[in-house]
Amino acid sequence: MAEHPHAALVRRGYEAFQRGDMETLRGLMTGDCTHHVPGSHSLSGHYKGIDSIIEGYYDRLFSETAGSLRVELRTVLVDGRGHAITVHRITADRGGRHLDQTGGIVFRIVGEKITDLDECVEDIDQADDFWS
């Protein structure tokens, strides 16, 4: 069986992110896309618009971890109505600290583009400590 188009879209996004291919990511999201980041650290909050997501969040993730950030996609679940949920493992090093935890993202997809990303983490306190 062929993979559902929404699962394939999300998988392409993860692959582009891991390669640092921000131009491909721009093509997968709507211009007014929003990425919601949980927690109470300097990177948490709501990034509205493709430039805010790419430059305000994704670029900072890589720069704050000196390029050590890795996200390994474990699975993609879809409902066929514009939602996809992922489970991934994230690892990174920053300021003598190491992050290794499970996370995920709830995606909303309209017109074959990602419109909203709600990020979730396994241990919000650990994430806050790492990014603070």
# chains A, B, ... in the order shown; residues from 1 in each chain; ligands from 1
>>> closest_atom_pairs(of="stretch 26-76 of chain A", to="stretch 82-93 of chain A", cutoff="9 Å", atoms="only C-alpha atoms", output="Markdown table")
| residue | atom | partner | partner_atom | distance |
| --- | --- | --- | --- | --- |
| A:Glu64 | CA | A:Asp93 | CA | 8.8 |
| A:Thr65 | CA | A:Asp93 | CA | 5.6 |
| A:Ala66 | CA | A:Asp93 | CA | 7.9 |
| A:Gly67 | CA | A:Ala92 | CA | 8.3 |
| A:Ser68 | CA | A:Ala92 | CA | 5.2 |
| A:Leu69 | CA | A:Ala92 | CA | 4.3 |
| A:Arg70 | CA | A:Thr91 | CA | 5.3 |
| A:Val71 | CA | A:Ile90 | CA | 4.5 |
| A:Glu72 | CA | A:Arg89 | CA | 5.1 |
| A:Leu73 | CA | A:His88 | CA | 4.4 |
| A:Arg74 | CA | A:His88 | CA | 4.9 |
| A:Thr75 | CA | A:Val87 | CA | 5.4 |
| A:Val76 | CA | A:Thr86 | CA | 4.5 |
>>> select_by_dssp(residues="stretch 19-113 of chain A", states="alpha helix (DSSP H)", output="list in words")
Arg19, Met22, Glu23, Thr24, Leu25, Arg26, Gly27, Leu28, Ile50, Asp51, Asp59, Arg60, Leu61, Phe62, Ser63 and Glu64 of chain A
>>> closest_residue(among="A:His41, A:Arg97, A:Arg60, A:Lys48", to="A:Asp125", atoms="only C-alpha atoms")
A:His41
>>> atom_distance(atom1="atom CA of A:Glu55", atom2="atom CA of A:Arg19")
15.6 Å
>>> atom_distance(atom1="atom CA of A:Ala127", atom2="atom CA of A:Gly95")
13.6 Å
>>> select_by_dssp(residues="stretch 37-123 of chain A", states="strand (DSSP E)", output="PyMOL selection string")
chain A and resi 37+45-48+70-78+83-94+97-110+113-121
>>> closest_residue(among="A:His98, A:His46, A:His4, A:Arg81", to="A:Asp32", atoms="only C-alpha atoms")
A:His46
>>> residues_around(residues="A:Val121", least_positions_apart="4", cutoff="8 Å", atoms="only C-alpha atoms", output="MDAnalysis selection string")
chainID A and resid 38 101:104 127
>>> write_last_selection(atoms="C-alpha atoms", output="PDB file, in the first residue's frame")
ATOM      1  CA  PRO A  38       5.709  24.230  24.764  1.00  0.00           C
ATOM      2  CA  GLN A 101      13.893  12.442  24.880  1.00  0.00           C
ATOM      3  CA  THR A 102      10.802  11.453  22.974  1.00  0.00           C
ATOM      4  CA  GLY A 103       8.614  14.126  21.465  1.00  0.00           C
ATOM      5  CA  GLY A 104       6.023  14.596  18.814  1.00  0.00           C
ATOM      6  CA  ALA A 127      13.227  20.530  28.000  1.00  0.00           C
TER       7      ALA A 127
END
>>> closest_residue(among="A:Asp79, A:Gly96, A:Gly39, A:Ser52", to="A:Ile124", atoms="only C-alpha atoms")
A:Gly39
>>> residues_around(residues="A:Thr30", least_positions_apart="5", cutoff="9 Å", atoms="only C-alpha atoms", output="list in words")
Gly49, Ile50, Val110, Lys113, Ile114, Thr115 and Asp116 of chain A
>>> closest_residue(among="A:Phe130, A:Tyr58, A:Gly45, A:Arg94", to="A:Ala16", atoms="only C-alpha atoms")
A:Tyr58
